[in-house]
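Shown next: input-v8.tsv, containing TSV, C-alpha atoms.
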```tsv
chain	number	residue	atom	x	y	z
E	7	TRP	CA	-52.54	78.14	53.68
E	8	LEU	CA	-54.47	76.73	56.61
E	9	VAL	CA	-57.12	79.16	57.86
E	10	GLU	CA	-58.38	78.65	61.41
E	11	SER	CA	-60.58	80.48	63.87
E	12	PRO	CA	-60.90	80.16	67.68
E	13	SER	CA	-64.33	78.59	67.15
E	14	GLY	CA	-62.72	75.59	65.42
E	15	TYR	CA	-63.53	76.59	61.82
E	16	ARG	CA	-60.92	75.41	59.32
E	17	ALA	CA	-60.45	76.05	55.61
E	18	VAL	CA	-57.63	76.04	53.07
E	19	LEU	CA	-56.68	79.18	51.13
E	20	ARG	CA	-54.85	78.80	47.85
E	21	LEU	CA	-52.84	81.85	46.87
E	22	HIS	CA	-52.22	81.49	43.14
E	23	ARG	CA	-48.74	82.04	41.81
E	24	ASP	CA	-48.29	85.23	39.87
E	25	GLY	CA	-48.42	84.68	36.11
E	26	TYR	CA	-49.09	80.93	36.15
E	27	HIS	CA	-52.84	80.89	35.48
E	28	SER	CA	-55.26	83.44	34.09
E	29	ARG	CA	-58.57	84.02	35.85
E	30	ARG	CA	-60.30	82.07	33.07
E	31	ALA	CA	-57.98	79.10	33.54
E	32	ILE	CA	-58.81	79.00	37.26
E	33	GLU	CA	-62.52	79.18	36.43
E	34	CYS	CA	-62.08	76.17	34.13
E	35	GLU	CA	-60.27	74.22	36.86
E	36	LEU	CA	-63.08	74.87	39.33
E	37	ALA	CA	-65.69	73.97	36.71
E	38	TRP	CA	-64.09	70.56	36.12
E	39	MET	CA	-63.73	69.90	39.83
E	40	ALA	CA	-67.40	70.67	40.38
E	41	ALA	CA	-68.46	68.48	37.45
E	42	LEU	CA	-66.28	65.58	38.62
E	43	ASP	CA	-67.83	65.78	42.08
E	44	ARG	CA	-71.35	66.10	40.73
E	45	GLU	CA	-71.24	63.68	37.79
E	46	GLY	CA	-67.99	61.72	37.75
E	47	GLY	CA	-68.00	59.94	41.10
E	48	VAL	CA	-64.81	61.69	42.24
E	49	GLU	CA	-64.98	63.69	45.46
E	50	THR	CA	-63.14	67.00	45.05
E	51	PRO	CA	-62.40	69.85	47.48
E	52	GLN	CA	-65.30	72.28	47.55
E	53	PRO	CA	-64.54	75.97	46.92
E	54	ILE	CA	-66.07	78.50	49.30
E	55	PRO	CA	-67.48	81.70	47.75
E	56	GLY	CA	-66.54	85.09	49.13
E	57	HIS	CA	-69.03	87.54	50.57
E	58	ASP	CA	-69.65	88.79	47.03
E	59	GLY	CA	-70.50	85.27	45.86
E	60	ALA	CA	-67.38	84.90	43.68
E	61	LEU	CA	-65.21	81.80	44.04
E	62	ILE	CA	-62.10	83.66	42.87
E	63	GLN	CA	-61.01	86.68	44.89
E	64	GLU	CA	-58.30	89.20	44.01
E	65	LEU	CA	-56.18	91.32	46.30
E	66	ALA	CA	-53.09	93.50	46.00
E	67	ALA	CA	-50.68	94.07	48.86
E	68	ALA	CA	-47.68	96.32	49.34
E	69	GLY	CA	-44.88	95.21	47.03
E	70	LEU	CA	-47.00	92.54	45.34
E	71	SER	CA	-49.04	92.53	42.17
E	72	VAL	CA	-52.72	91.57	42.26
E	73	ARG	CA	-52.97	87.93	43.35
E	74	ARG	CA	-55.86	85.53	42.82
E	75	MET	CA	-57.13	83.37	45.68
E	76	VAL	CA	-59.60	80.52	46.18
E	77	MET	CA	-60.79	79.20	49.56
E	78	PHE	CA	-61.57	75.50	49.90
E	79	ALA	CA	-63.40	73.51	52.55
E	80	PHE	CA	-61.01	71.64	54.84
E	81	LEU	CA	-60.68	67.89	54.25
E	82	ASP	CA	-59.42	65.48	56.91
E	83	GLY	CA	-56.52	63.19	56.13
E	84	ALA	CA	-52.75	63.01	55.94
E	85	GLU	CA	-50.25	63.04	53.09
E	86	PRO	CA	-48.77	59.55	52.65
E	87	ALA	CA	-45.01	59.00	52.83
E	88	PRO	CA	-42.97	57.10	50.22
E	89	ASP	CA	-41.82	54.44	52.70
E	90	GLN	CA	-45.24	53.43	53.97
E	91	ASP	CA	-47.20	50.65	52.30
E	92	LEU	CA	-48.93	52.47	49.42
E	93	VAL	CA	-50.38	49.50	47.55
E	94	ALA	CA	-53.97	50.01	48.76
E	95	PRO	CA	-53.92	53.80	48.24
E	96	PHE	CA	-52.55	53.34	44.72
E	97	ARG	CA	-55.25	50.86	43.85
E	98	GLN	CA	-57.79	53.49	44.95
E	99	LEU	CA	-55.85	56.10	43.00
E	100	GLY	CA	-56.13	53.98	39.86
E	101	VAL	CA	-59.91	53.92	40.31
E	102	ILE	CA	-59.95	57.70	40.76
E	103	ALA	CA	-57.77	58.23	37.68
E	104	ALA	CA	-60.01	56.05	35.51
E	105	LYS	CA	-63.10	57.93	36.66
E	106	THR	CA	-61.51	61.31	35.89
E	107	HIS	CA	-60.54	60.09	32.41
E	108	LEU	CA	-63.96	58.68	31.63
E	109	HIS	CA	-65.54	61.93	32.74
E	110	ALA	CA	-63.07	64.02	30.73
E	111	ILE	CA	-63.90	62.07	27.56
E	112	SER	CA	-67.65	62.63	27.86
E	113	TRP	CA	-67.77	66.07	29.54
E	114	ALA	CA	-69.04	69.03	27.52
E	115	ARG	CA	-66.43	71.58	28.58
E	116	PRO	CA	-67.41	75.23	29.03
E	117	GLU	CA	-66.10	77.43	26.25
E	118	PRO	CA	-63.63	78.98	26.05
E	119	PHE	CA	-61.75	76.34	28.00
E	120	GLU	CA	-58.24	77.27	29.07
E	121	ARG	CA	-55.82	74.95	30.85
E	122	LEU	CA	-52.17	73.92	30.68
E	123	VAL	CA	-50.88	71.28	28.26
E	124	TRP	CA	-48.59	68.42	29.34
E	125	ASN	CA	-47.04	66.71	26.34
E	126	ASP	CA	-43.61	66.26	24.80
E	127	GLU	CA	-43.65	69.74	23.25
E	128	THR	CA	-44.47	71.53	26.52
E	129	VAL	CA	-41.85	69.46	28.37
E	130	PHE	CA	-39.06	69.48	25.76
E	131	GLY	CA	-39.94	72.30	23.35
E	132	PRO	CA	-38.41	75.79	23.14
E	133	ASP	CA	-41.20	77.25	25.30
E	134	ALA	CA	-41.38	74.41	27.82
E	135	THR	CA	-43.75	75.19	30.70
E	136	TRP	CA	-41.15	74.51	33.41
E	137	GLY	CA	-38.06	75.41	31.39
E	138	ASP	CA	-35.19	73.42	29.91
E	139	TRP	CA	-34.15	70.27	31.78
E	140	ARG	CA	-30.55	71.03	30.76
E	141	ASP	CA	-30.57	73.92	33.24
E	142	ALA	CA	-31.05	71.60	36.21
E	143	PRO	CA	-28.40	71.68	38.94
E	144	GLY	CA	-25.82	68.91	39.13
E	145	LEU	CA	-26.14	67.86	35.50
E	146	ASP	CA	-22.78	66.72	34.06
E	147	SER	CA	-21.98	66.10	30.40
E	148	GLY	CA	-22.36	62.32	30.66
E	149	SER	CA	-25.78	62.57	32.27
E	150	GLU	CA	-26.87	65.17	29.74
E	151	LYS	CA	-25.95	62.86	26.87
E	152	ILE	CA	-27.95	59.95	28.31
E	153	LEU	CA	-30.96	62.18	29.03
E	154	ALA	CA	-30.85	63.67	25.53
E	155	ALA	CA	-31.03	60.14	24.09
E	156	ALA	CA	-33.96	59.38	26.40
E	157	GLU	CA	-35.74	62.55	25.24
E	158	THR	CA	-35.42	61.42	21.61
E	159	LEU	CA	-36.77	57.98	22.42
E	160	VAL	CA	-39.70	59.38	24.44
E	161	ARG	CA	-40.67	61.73	21.63
E	162	ASP	CA	-40.40	59.00	18.99
E	163	ARG	CA	-42.44	56.48	20.96
E	164	LEU	CA	-45.16	58.97	21.93
E	165	ALA	CA	-45.44	60.19	18.34
E	166	ALA	CA	-46.12	56.59	17.32
E	167	TYR	CA	-48.53	56.11	20.25
E	168	GLY	CA	-50.60	59.10	19.14
E	169	ARG	CA	-53.12	61.45	20.70
E	170	GLN	CA	-56.41	59.73	19.99
E	171	ASP	CA	-59.33	60.73	22.19
E	172	ASP	CA	-59.15	57.49	24.17
E	173	ARG	CA	-55.50	58.16	25.04
E	174	TYR	CA	-55.19	61.92	25.38
E	175	GLY	CA	-57.45	64.49	27.03
E	176	LEU	CA	-58.07	66.41	30.24
E	177	ILE	CA	-56.03	64.99	33.14
E	178	HIS	CA	-55.21	65.91	36.74
E	179	ALA	CA	-51.47	65.82	35.84
E	180	ASP	CA	-50.19	65.91	39.44
E	181	MET	CA	-51.48	62.87	41.36
E	182	ARG	CA	-48.30	62.69	43.49
E	183	LEU	CA	-48.25	61.85	47.18
E	184	ALA	CA	-48.37	65.51	48.23
E	185	ASN	CA	-51.80	65.76	46.56
E	186	LEU	CA	-53.33	62.72	48.24
E	187	LEU	CA	-55.12	62.60	51.58
E	188	ILE	CA	-55.37	59.27	53.39
E	189	ASP	CA	-58.12	59.15	55.99
E	190	GLY	CA	-59.10	55.87	57.63
E	191	GLY	CA	-58.12	53.75	54.65
E	192	ARG	CA	-59.74	56.11	52.17
E	193	THR	CA	-57.74	57.95	49.49
E	194	ARG	CA	-58.83	61.35	48.24
E	195	LEU	CA	-57.33	63.54	45.51
E	196	ILE	CA	-56.75	67.26	45.97
E	197	ASP	CA	-55.03	70.17	44.18
E	198	PHE	CA	-56.15	70.40	40.56
E	199	ASP	CA	-53.87	73.42	40.00
E	200	ASP	CA	-51.91	71.66	37.23
E	201	CYS	CA	-54.85	69.94	35.52
E	202	GLY	CA	-54.73	70.24	31.77
E	203	PHE	CA	-54.41	68.31	28.53
E	204	GLY	CA	-52.12	65.35	28.18
E	205	TRP	CA	-51.96	61.57	27.85
E	206	PHE	CA	-54.13	59.70	30.34
E	207	MET	CA	-51.29	57.39	31.38
E	208	TYR	CA	-49.25	60.43	32.38
E	209	ASP	CA	-51.37	60.47	35.54
E	210	PHE	CA	-49.67	57.31	36.81
E	211	ALA	CA	-46.25	58.77	36.08
E	212	ALA	CA	-47.17	61.89	38.04
E	213	GLY	CA	-48.31	59.66	40.90
E	214	ILE	CA	-44.77	58.41	41.51
E	215	SER	CA	-43.13	61.83	41.18
E	216	PHE	CA	-39.87	62.16	43.13
E	217	MET	CA	-39.91	58.44	43.99
E	218	GLU	CA	-39.52	56.81	40.57
E	219	ASP	CA	-36.58	54.70	41.85
E	220	HIS	CA	-38.32	53.54	45.03
E	221	PRO	CA	-38.34	49.73	45.39
E	222	GLN	CA	-42.13	49.56	45.82
E	223	VAL	CA	-42.90	51.30	42.50
E	224	PRO	CA	-43.47	48.01	40.59
E	225	ALA	CA	-46.09	47.01	43.18
E	226	LEU	CA	-47.67	50.46	43.00
E	227	ARG	CA	-47.84	50.25	39.23
E	228	ALA	CA	-49.59	46.87	39.40
E	229	ALA	CA	-52.04	48.13	42.04
E	230	TRP	CA	-52.81	51.32	40.09
E	231	LEU	CA	-53.47	49.33	36.92
E	232	ASP	CA	-55.70	46.87	38.78
E	233	GLY	CA	-57.82	49.70	40.15
E	234	TYR	CA	-57.88	51.52	36.83
E	235	ARG	CA	-59.00	48.49	34.83
E	236	ASP	CA	-61.84	47.85	37.25
E	237	VAL	CA	-63.35	51.05	35.83
E	238	ARG	CA	-61.91	51.56	32.35
E	239	GLN	CA	-60.30	49.26	29.82
E	240	LEU	CA	-56.71	49.74	28.70
E	241	GLY	CA	-54.98	48.39	25.62
E	242	GLU	CA	-51.56	46.81	25.40
E	243	ALA	CA	-50.15	49.97	23.85
E	244	ASP	CA	-51.34	52.06	26.81
E	245	ILE	CA	-49.52	49.82	29.27
E	246	ALA	CA	-46.44	49.52	27.05
E	247	GLU	CA	-45.89	53.30	27.08
E	248	ILE	CA	-46.10	53.80	30.85
E	249	ASP	CA	-42.28	53.76	30.97
E	250	SER	CA	-42.23	56.57	28.41
E	251	PHE	CA	-44.60	58.64	30.53
E	252	ILE	CA	-42.50	58.04	33.64
E	253	MET	CA	-39.47	59.35	31.76
E	254	LEU	CA	-41.42	62.30	30.36
E	255	ARG	CA	-42.58	63.27	33.86
E	256	ARG	CA	-39.14	62.77	35.40
E	257	MET	CA	-37.56	65.10	32.86
E	258	ALA	CA	-40.33	67.66	33.40
E	259	LEU	CA	-39.49	67.55	37.12
E	260	LEU	CA	-35.80	67.91	36.30
E	261	ALA	CA	-36.64	71.14	34.47
E	262	TRP	CA	-38.88	72.22	37.37
E	263	ILE	CA	-36.04	71.86	39.85
E	264	GLY	CA	-33.89	74.12	37.70
E	265	SER	CA	-36.57	76.79	37.24
E	266	HIS	CA	-37.83	76.66	40.86
E	267	ALA	CA	-34.46	76.47	42.58
E	268	GLY	CA	-35.59	78.75	45.40
E	269	THR	CA	-38.27	76.36	46.68
E	270	ASP	CA	-37.67	74.01	49.60
E	271	LEU	CA	-38.60	70.97	47.51
E	272	ALA	CA	-36.17	71.87	44.72
E	273	ARG	CA	-33.35	72.50	47.20
E	274	SER	CA	-33.94	69.15	48.90
E	275	GLN	CA	-33.93	67.28	45.58
E	276	ALA	CA	-31.13	69.17	43.81
E	277	PRO	CA	-28.06	67.25	45.10
E	278	HIS	CA	-29.09	63.91	43.60
E	279	PHE	CA	-31.98	64.46	41.18
E	280	ALA	CA	-29.93	64.81	38.00
E	281	SER	CA	-27.77	61.73	38.62
E	282	VAL	CA	-30.77	59.56	39.52
E	283	SER	CA	-32.60	60.89	36.46
E	284	ALA	CA	-29.68	59.83	34.26
E	285	ARG	CA	-29.73	56.35	35.81
E	286	LEU	CA	-33.47	56.08	35.16
E	287	ALA	CA	-32.87	57.26	31.58
E	288	ARG	CA	-30.23	54.59	31.02
E	289	ASN	CA	-32.62	51.91	32.30
E	290	TYR	CA	-35.37	53.27	30.04
E	291	LEU	CA	-33.10	53.18	26.99
E	292	ASP	CA	-32.10	49.60	27.78
E	293	ARG	CA	-35.73	48.46	28.17
E	294	CYS	CA	-37.47	50.44	25.44
E	295	GLY	CA	-34.80	51.57	22.99
```
Please express the file's structure as C-alpha cells.
Amino acid sequence: WLVESPSGYRAVLRLHRDGYHSRRAIECELAWMAALDREGGVETPQPIPGHDGALIQELAAAGLSVRRMVMFAFLDGAEPAPDQDLVAPFRQLGVIAAKTHLHAISWARPEPFERLVWNDETVFGPDATWGDWRDAPGLDSGSEKILAAAETLVRDRLAAYGRQDDRYGLIHADMRLANLLIDGGRTRLIDFDDCGFGWFMYDFAAGISFMEDHPQVPALRAAWLDGYRDVRQLGEADIAEIDSFIMLRRMALLAWIGSHAGTDLARSQAPHFASVSARLARNYLDRCG
C-alpha cells in the first residue's frame, strides 16, 4: 500500500498475508535485505521502524485476525512492461542476481533461520507451497499428460544436477517484472517476500514469470547471463538446466493460479495459462528429453 501525507511524505506499507510467514520468517527476510544492502552491493528497500522501534508491527481489525506489517521507504521508479526493450534491465538484473548469490554463499545467517523452500518437492510434492498444478483452471486431459511428463523430466534432471552449495542456497525467488523498478536507466530489485532456499538459476526463471513465451526471452536470457558472469562464474551444467528451471517455475505458477483464483492476476491469466504451459512443456520435452 502506498502511504502519503499532505506534506509530500511517501512510504510503502506491506500487509503480510495471513498464515504465509511467521514473525521469525519475516525477521529473517529483513535481516538478509539489510545484510545485502550493507555488505553485498545490492540496494534493498529500507524498512522503517515503528514508534516502538520494531520493524514488524501487528494489528487486529474487526473481522480479521492479527496481521503483520512492515513499512518501507519509498523508492522512485516504474515497473517495466513485457513489450518494452528489457535487454539492458536484464543485464543489470543478472549482475544483481550474481551478487545476491555470492552473498548468500558467504553470509553467516542468523539462527534459527526460517524461510520458504523452492525446489521440486515444494512445487510438485504432496504439500506443495502453492498447491497442485493439476487444479489449475482450463487444464484438459491432453495438457495434463504433457505437463506430467515435463514434471518427471524436470525432477530427473534436477536430481542429477544436485544441490551443491555453489548451485543451491538462499535466493530472491521472485525477480519478475512486478518486482523491478526502472529509474533513469537503473534497475532495482524490491519485494523479498518469497525469498528462500532453492537453486540459484531459478532466479532467472522467476525473472521471466508470466512471459516465458515472449519473443524477446532469448535475448533476455543472453543479457542476464552476460551480467551474471561479469560477477560470478557459471558452469556448463548451470546453463544447461536453465530450461528445467523455467519449466519448474512455470508449473509453480500454474499451481498458484489455481490456488489464488480470486486474485486479479490469476483471473487475467486463467483463460490461456494452462494451454500455453502445455505448449512450453512440449517444447521442453523436445529439447531436453
Problem - Pick from E:Arg288, E:Arg16, E:Arg169, E:His266 nearest to Ala142 (chain E), counting all atoms listed in the file - result: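 Closest to Ala142 (chain E) of all the choices is E:His266.
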Exercise for the section: Report the distance between CA of Glu247 (chain E) and CA of Phe198 (chain E) in Å, rounded to one decimal place. Expected result: 24.1 Å
Problem - Residue nearest Tyr15 (chain E) among E:Ala272, E:Glu64, E:Phe80, E:Gln52 (counting all atoms listed in the file) - result: E:Phe80
Handout entry: Who sits within 10 Å of region 82-90 of chain E, all atoms listed in the file, same chain under 3 positions skipped, as an MDAnalysis selection string
Key = chainID E and resid 79 93 95 182:194 214 216:217 220:223
Practice task
Pick out the closest residue to Asp200 (chain E) from this set: E:Leu36, E:Ser13, E:Ala67, E:Ser265. Count only C-alpha atoms.
Solution key: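 Looking at the shortest contact to Asp200 (chain E), the residue is E:Leu36.
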Problem - Minimum-distance residue to Phe78 (chain E), chosen among E:Leu19, E:Ala258, E:Val9, E:Ala66 (using all atoms listed in the file) - result: E:Leu19
Handout entry: Residue nearest Leu65 (chain E) among E:Leu21, E:Ile111, E:Ala211, E:Ala280 (counting all atoms listed in the file)
Key =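 So, comparing all the options, the nearest one is E:Leu21.
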Practice task
Kindly indicate which residue among E:Val76, E:Phe130, E:Asp236, E:Leu81 lies nearest to Gly56 (chain E), using only C-alpha atoms for the distances.
Solution key: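 So, comparing all the options, the nearest one is E:Val76.
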Practice task
Write out as a PyMOL selection string which residues come within 8 Å of region 28-35 of chain E when counting only C-alpha atoms, dropping same-chain ones fewer than 4 positions away.
Solution key: chain E and resi 39+62+74+116+119-121+198-199+201
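Here CA of Leu231 (chain E) stands at a distance of 19.7 Å from CA of Cys294 (chain E).
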Handout entry: One-decimal distance in Å that lies between CA of Arg97 (chain E) and CA of Asn289 (chain E)
Key =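 Straight-line distance from CA of Asn289 (chain E) to CA of Arg97 (chain E) works out to 25.4 Å.
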Write out as a PDB file with C-alpha atoms, in the frame of the given file which residues come within 12 Å of Trp262 (chain E) when counting all atoms listed in the file, dropping same-chain ones fewer than 3 positions away.
```
ATOM      1  CA  VAL E 129     -41.850  69.460  28.370  1.00  0.00           C
ATOM      2  CA  PHE E 130     -39.060  69.480  25.760  1.00  0.00           C
ATOM      3  CA  ALA E 134     -41.380  74.410  27.820  1.00  0.00           C
ATOM      4  CA  THR E 135     -43.750  75.190  30.700  1.00  0.00           C
ATOM      5  CA  TRP E 136     -41.150  74.510  33.410  1.00  0.00           C
ATOM      6  CA  GLY E 137     -38.060  75.410  31.390  1.00  0.00           C
ATOM      7  CA  ASP E 138     -35.190  73.420  29.910  1.00  0.00           C
ATOM      8  CA  TRP E 139     -34.150  70.270  31.780  1.00  0.00           C
ATOM      9  CA  ARG E 140     -30.550  71.030  30.760  1.00  0.00           C
ATOM     10  CA  ASP E 141     -30.570  73.920  33.240  1.00  0.00           C
ATOM     11  CA  ALA E 142     -31.050  71.600  36.210  1.00  0.00           C
ATOM     12  CA  PRO E 143     -28.400  71.680  38.940  1.00  0.00           C
ATOM     13  CA  SER E 215     -43.130  61.830  41.180  1.00  0.00           C
ATOM     14  CA  PHE E 216     -39.870  62.160  43.130  1.00  0.00           C
ATOM     15  CA  ARG E 255     -42.580  63.270  33.860  1.00  0.00           C
ATOM     16  CA  ARG E 256     -39.140  62.770  35.400  1.00  0.00           C
ATOM     17  CA  MET E 257     -37.560  65.100  32.860  1.00  0.00           C
ATOM     18  CA  ALA E 258     -40.330  67.660  33.400  1.00  0.00           C
ATOM     19  CA  LEU E 259     -39.490  67.550  37.120  1.00  0.00           C
ATOM     20  CA  SER E 265     -36.570  76.790  37.240  1.00  0.00           C
ATOM     21  CA  HIS E 266     -37.830  76.660  40.860  1.00  0.00           C
ATOM     22  CA  ALA E 267     -34.460  76.470  42.580  1.00  0.00           C
ATOM     23  CA  GLY E 268     -35.590  78.750  45.400  1.00  0.00           C
ATOM     24  CA  THR E 269     -38.270  76.360  46.680  1.00  0.00           C
ATOM     25  CA  LEU E 271     -38.600  70.970  47.510  1.00  0.00           C
ATOM     26  CA  ALA E 272     -36.170  71.870  44.720  1.00  0.00           C
ATOM     27  CA  ARG E 273     -33.350  72.500  47.200  1.00  0.00           C
ATOM     28  CA  GLN E 275     -33.930  67.280  45.580  1.00  0.00           C
ATOM     29  CA  ALA E 276     -31.130  69.170  43.810  1.00  0.00           C
ATOM     30  CA  PHE E 279     -31.980  64.460  41.180  1.00  0.00           C
ATOM     31  CA  ALA E 280     -29.930  64.810  38.000  1.00  0.00           C
TER      32      ALA E 280
END
```
Practice task
Please identify all polymer residues within 9 Å of Asp197 (chain E), counting all atoms listed in the file, omitting same-chain residues fewer than 5 positions from it, and present them as a PyMOL selection string.
Solution key: chain E and resi 50-51+178+180-181+185-186
What are the centre and the three edge lengths of an axis-aligned box that wraps all atoms of region 180-187 of chain E in the file, given that 6 Å is added to every side, written as lines of an AutoDock Vina configuration file and rounded to one decimal in Å?
```
center_x = -51.7
center_y = 63.9
center_z = 45.5
size_x = 18.9
size_y = 16.1
size_z = 24.1
```
All heavy atoms restored at region 226-235 of chain E, emitted as a PDB file, in the frame of the given file:
```pdb
ATOM      1  N   LEU E 226     -46.728  49.354  43.131  1.00  0.00           N
ATOM      2  CA  LEU E 226     -47.670  50.460  43.000  1.00  0.00           C
ATOM      3  C   LEU E 226     -48.228  50.525  41.582  1.00  0.00           C
ATOM      4  O   LEU E 226     -49.408  50.814  41.376  1.00  0.00           O
ATOM      5  CB  LEU E 226     -46.992  51.781  43.365  1.00  0.00           C
ATOM      6  CG  LEU E 226     -46.403  51.882  44.772  1.00  0.00           C
ATOM      7  CD1 LEU E 226     -45.885  53.293  45.030  1.00  0.00           C
ATOM      8  CD2 LEU E 226     -47.420  51.469  45.825  1.00  0.00           C
ATOM      9  N   ARG E 227     -47.388  50.266  40.622  1.00  0.00           N
ATOM     10  CA  ARG E 227     -47.840  50.250  39.230  1.00  0.00           C
ATOM     11  C   ARG E 227     -48.891  49.164  39.008  1.00  0.00           C
ATOM     12  O   ARG E 227     -49.933  49.407  38.385  1.00  0.00           O
ATOM     13  CB  ARG E 227     -46.621  50.014  38.326  1.00  0.00           C
ATOM     14  CG  ARG E 227     -46.907  49.900  36.848  1.00  0.00           C
ATOM     15  CD  ARG E 227     -45.582  49.854  36.120  1.00  0.00           C
ATOM     16  NE  ARG E 227     -45.707  49.628  34.699  1.00  0.00           N
ATOM     17  CZ  ARG E 227     -44.760  49.934  33.821  1.00  0.00           C
ATOM     18  NH1 ARG E 227     -43.641  50.508  34.237  1.00  0.00           N
ATOM     19  NH2 ARG E 227     -44.913  49.706  32.540  1.00  0.00           N
ATOM     20  N   ALA E 228     -48.632  47.970  39.548  1.00  0.00           N
ATOM     21  CA  ALA E 228     -49.590  46.870  39.400  1.00  0.00           C
ATOM     22  C   ALA E 228     -50.908  47.194  40.096  1.00  0.00           C
ATOM     23  O   ALA E 228     -51.993  46.929  39.551  1.00  0.00           O
ATOM     24  CB  ALA E 228     -48.984  45.581  39.968  1.00  0.00           C
ATOM     25  N   ALA E 229     -50.822  47.791  41.291  1.00  0.00           N
ATOM     26  CA  ALA E 229     -52.040  48.130  42.040  1.00  0.00           C
ATOM     27  C   ALA E 229     -52.835  49.207  41.318  1.00  0.00           C
ATOM     28  O   ALA E 229     -54.070  49.127  41.229  1.00  0.00           O
ATOM     29  CB  ALA E 229     -51.669  48.588  43.451  1.00  0.00           C
ATOM     30  N   TRP E 230     -52.143  50.233  40.815  1.00  0.00           N
ATOM     31  CA  TRP E 230     -52.810  51.320  40.090  1.00  0.00           C
ATOM     32  C   TRP E 230     -53.528  50.775  38.863  1.00  0.00           C
ATOM     33  O   TRP E 230     -54.676  51.122  38.603  1.00  0.00           O
ATOM     34  CB  TRP E 230     -51.777  52.371  39.706  1.00  0.00           C
ATOM     35  CG  TRP E 230     -52.299  53.662  39.181  1.00  0.00           C
ATOM     36  CD1 TRP E 230     -52.560  54.806  39.889  1.00  0.00           C
ATOM     37  CD2 TRP E 230     -52.591  53.987  37.805  1.00  0.00           C
ATOM     38  NE1 TRP E 230     -52.999  55.803  39.055  1.00  0.00           N
ATOM     39  CE2 TRP E 230     -53.029  55.339  37.776  1.00  0.00           C
ATOM     40  CE3 TRP E 230     -52.526  53.281  36.613  1.00  0.00           C
ATOM     41  CZ2 TRP E 230     -53.397  55.978  36.592  1.00  0.00           C
ATOM     42  CZ3 TRP E 230     -52.898  53.907  35.427  1.00  0.00           C
ATOM     43  CH2 TRP E 230     -53.322  55.243  35.427  1.00  0.00           C
ATOM     44  N   LEU E 231     -52.859  49.906  38.121  1.00  0.00           N
ATOM     45  CA  LEU E 231     -53.470  49.330  36.920  1.00  0.00           C
ATOM     46  C   LEU E 231     -54.664  48.447  37.273  1.00  0.00           C
ATOM     47  O   LEU E 231     -55.678  48.448  36.568  1.00  0.00           O
ATOM     48  CB  LEU E 231     -52.431  48.543  36.127  1.00  0.00           C
ATOM     49  CG  LEU E 231     -51.418  49.379  35.346  1.00  0.00           C
ATOM     50  CD1 LEU E 231     -50.299  48.502  34.798  1.00  0.00           C
ATOM     51  CD2 LEU E 231     -52.092  50.151  34.220  1.00  0.00           C
ATOM     52  N   ASP E 232     -54.565  47.693  38.364  1.00  0.00           N
ATOM     53  CA  ASP E 232     -55.700  46.870  38.780  1.00  0.00           C
ATOM     54  C   ASP E 232     -56.915  47.741  39.069  1.00  0.00           C
ATOM     55  O   ASP E 232     -58.036  47.438  38.629  1.00  0.00           O
ATOM     56  CB  ASP E 232     -55.340  46.068  40.041  1.00  0.00           C
ATOM     57  CG  ASP E 232     -54.495  44.842  39.735  1.00  0.00           C
ATOM     58  OD1 ASP E 232     -54.409  44.460  38.558  1.00  0.00           O
ATOM     59  OD2 ASP E 232     -53.914  44.278  40.682  1.00  0.00           O
ATOM     60  N   GLY E 233     -56.714  48.805  39.843  1.00  0.00           N
ATOM     61  CA  GLY E 233     -57.820  49.700  40.150  1.00  0.00           C
ATOM     62  C   GLY E 233     -58.368  50.378  38.907  1.00  0.00           C
ATOM     63  O   GLY E 233     -59.591  50.487  38.731  1.00  0.00           O
ATOM     64  N   TYR E 234     -57.473  50.821  38.044  1.00  0.00           N
ATOM     65  CA  TYR E 234     -57.880  51.520  36.830  1.00  0.00           C
ATOM     66  C   TYR E 234     -58.751  50.623  35.952  1.00  0.00           C
ATOM     67  O   TYR E 234     -59.827  51.020  35.482  1.00  0.00           O
ATOM     68  CB  TYR E 234     -56.642  51.984  36.061  1.00  0.00           C
ATOM     69  CG  TYR E 234     -56.926  52.977  34.965  1.00  0.00           C
ATOM     70  CD1 TYR E 234     -56.705  54.330  35.165  1.00  0.00           C
ATOM     71  CD2 TYR E 234     -57.405  52.578  33.719  1.00  0.00           C
ATOM     72  CE1 TYR E 234     -56.956  55.263  34.165  1.00  0.00           C
ATOM     73  CE2 TYR E 234     -57.660  53.481  32.718  1.00  0.00           C
ATOM     74  CZ  TYR E 234     -57.438  54.831  32.945  1.00  0.00           C
ATOM     75  OH  TYR E 234     -57.700  55.749  31.948  1.00  0.00           O
ATOM     76  N   ARG E 235     -58.294  49.379  35.748  1.00  0.00           N
ATOM     77  CA  ARG E 235     -59.000  48.490  34.830  1.00  0.00           C
ATOM     78  C   ARG E 235     -60.300  47.938  35.403  1.00  0.00           C
ATOM     79  O   ARG E 235     -61.096  47.360  34.665  1.00  0.00           O
ATOM     80  CB  ARG E 235     -58.059  47.362  34.395  1.00  0.00           C
ATOM     81  CG  ARG E 235     -56.989  47.856  33.432  1.00  0.00           C
ATOM     82  CD  ARG E 235     -56.058  46.768  32.963  1.00  0.00           C
ATOM     83  NE  ARG E 235     -55.209  46.274  34.024  1.00  0.00           N
ATOM     84  CZ  ARG E 235     -54.084  45.580  33.818  1.00  0.00           C
ATOM     85  NH1 ARG E 235     -53.694  45.313  32.587  1.00  0.00           N
ATOM     86  NH2 ARG E 235     -53.357  45.164  34.832  1.00  0.00           N
TER      87      ARG E 235
END
```
